[in-house]
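*Asks:* First the structure, which I've put down as structure tokens, then a few questions once you've had a look.
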Amino acid sequence: MFARVEQDALRDLENPDLTDERRLALMFIAAVRHLHRAIAPAAFEARRRSAPEESDLSCASCDKALRGPSLYCCDQCRDVAKHIRYIRKIIHDERITVPDLQESIGARLLYLGSGGQARSPDPAAKAAPHPTETDLILGDMAFRVASPQPLRACDDWRTWELRQPTIKAARRAIIESRLGHAAD
């Protein structure tokens, strides 16, 4: 998964002129690489979604219960899944060492970490004693990116676009079935 990262683009973290976006991306990549190397495959497998997305009405990204056939509970979950697919793909394509792509990843992470609001990190901000929602989102993303196999169907950049219509149709059928039983 990280064949070319061995040349270690992460050395760039020592560069004091690095942009906030690229620095964040390199830190994220380092965390993903560490998880990929340090965690036993069984730990990833334990977090793998067991129920197929077609059989229930839950968010494809976070498992929150849904009331309709949509795939995600909110825009943020949709964006998280989209960015996980993007990062997994550029790692697979061995383009993760390209500075412009690292900059793009950093901008995406900042966007997600801010709840979808454009902003730059506050260099004066102190680390919170407890994980923030941003920490949890980025930690979950790193784990899902580092997994040798996609942990959720929405993490798979190869198949997700093709699976969406099938999942939506199955969810509509579940809702129609429930409505039919409620009318009886």
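Residue numbering restarts at 1 in every chain; chains get A, B, ... in the order shown in the structure tokens, and ligands count up from 1 in that same order.
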Per DSSP on the backbone, filter region 19-61 of chain A down to the residues in helix (DSSP H, G or I) and report them as an NGL selection string.
*Replies:* :A and (20-38 or 41-47 or 53-55)
*Asks:* Please provide the set of residues having any atom within 10 Å of region 160-172 of chain A, restricted to only C-alpha atoms, with same-chain residues fewer than 2 positions apart removed, written as a VMD selection string.
*Replies:* chain A and resid 52 to 58 60 67 to 71 82 85 152 to 158 174 to 178
*Asks:* Write out as a PyMOL selection string the residues lying within 7 Å of Leu13 (chain A), counting only C-alpha atoms and excluding same-chain residues fewer than 3 positions away.
*Replies:* chain A and resi 10+23+26
*Asks:* If you count only C-alpha atoms, which residues fall within 10 Å of region 76-78 of chain A, apart from same-chain ones fewer than 3 positions away, as a list in words?
*Replies:*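 Non-adjacent residues within range: Cys59, Ala60, Ser61, Cys62, Asp63, Leu71, Tyr72, Cys73, Ala81, Lys82, His83, Tyr111, Leu112, Gly113, Gly115, Gly116, Ile137 and Cys154 of chain A.
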*Asks:* Please produce a file of those selected residues containing C-alpha atoms, as a PDB file, in the first residue's frame.
*Replies:*
```pdb
ATOM      1  CA  CYS A  59     -25.826   5.569   7.019  1.00  0.00           C
ATOM      2  CA  ALA A  60     -23.230   3.980   4.750  1.00  0.00           C
ATOM      3  CA  SER A  61     -20.502   5.902   6.579  1.00  0.00           C
ATOM      4  CA  CYS A  62     -21.451   5.980  10.279  1.00  0.00           C
ATOM      5  CA  ASP A  63     -24.319   3.476  10.772  1.00  0.00           C
ATOM      6  CA  LEU A  71     -27.134   6.563   1.561  1.00  0.00           C
ATOM      7  CA  TYR A  72     -25.864   8.999   4.189  1.00  0.00           C
ATOM      8  CA  CYS A  73     -27.310  10.667   7.265  1.00  0.00           C
ATOM      9  CA  ALA A  81     -16.707   8.698   2.548  1.00  0.00           C
ATOM     10  CA  LYS A  82     -15.865  10.583  -0.647  1.00  0.00           C
ATOM     11  CA  HIS A  83     -12.517  11.719   0.763  1.00  0.00           C
ATOM     12  CA  TYR A 111     -12.766  21.259   5.432  1.00  0.00           C
ATOM     13  CA  LEU A 112     -14.019  18.055   7.075  1.00  0.00           C
ATOM     14  CA  GLY A 113     -12.474  18.908  10.426  1.00  0.00           C
ATOM     15  CA  GLY A 115     -17.662  20.659   9.859  1.00  0.00           C
ATOM     16  CA  GLY A 116     -17.733  21.844   6.261  1.00  0.00           C
ATOM     17  CA  ILE A 137     -13.563  12.067  12.474  1.00  0.00           C
ATOM     18  CA  CYS A 154     -18.639   3.415   0.602  1.00  0.00           C
TER      19      CYS A 154
END
```
*Asks:* Give me the residues near His36 (chain A) as a count of residues only, where near means some atom within 8 Å (using only C-alpha atoms) and where sequence neighbours in that chain fewer than 6 positions away do not count.
*Replies:* 3
*Asks:* I'd like the interatomic distance between CA of Asp79 (chain A) and CA of Ala30 (chain A), to a tenth of an Å.
*Replies:*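 Going from CA of Asp79 (chain A) over to CA of Ala30 (chain A) covers 21.5 Å.
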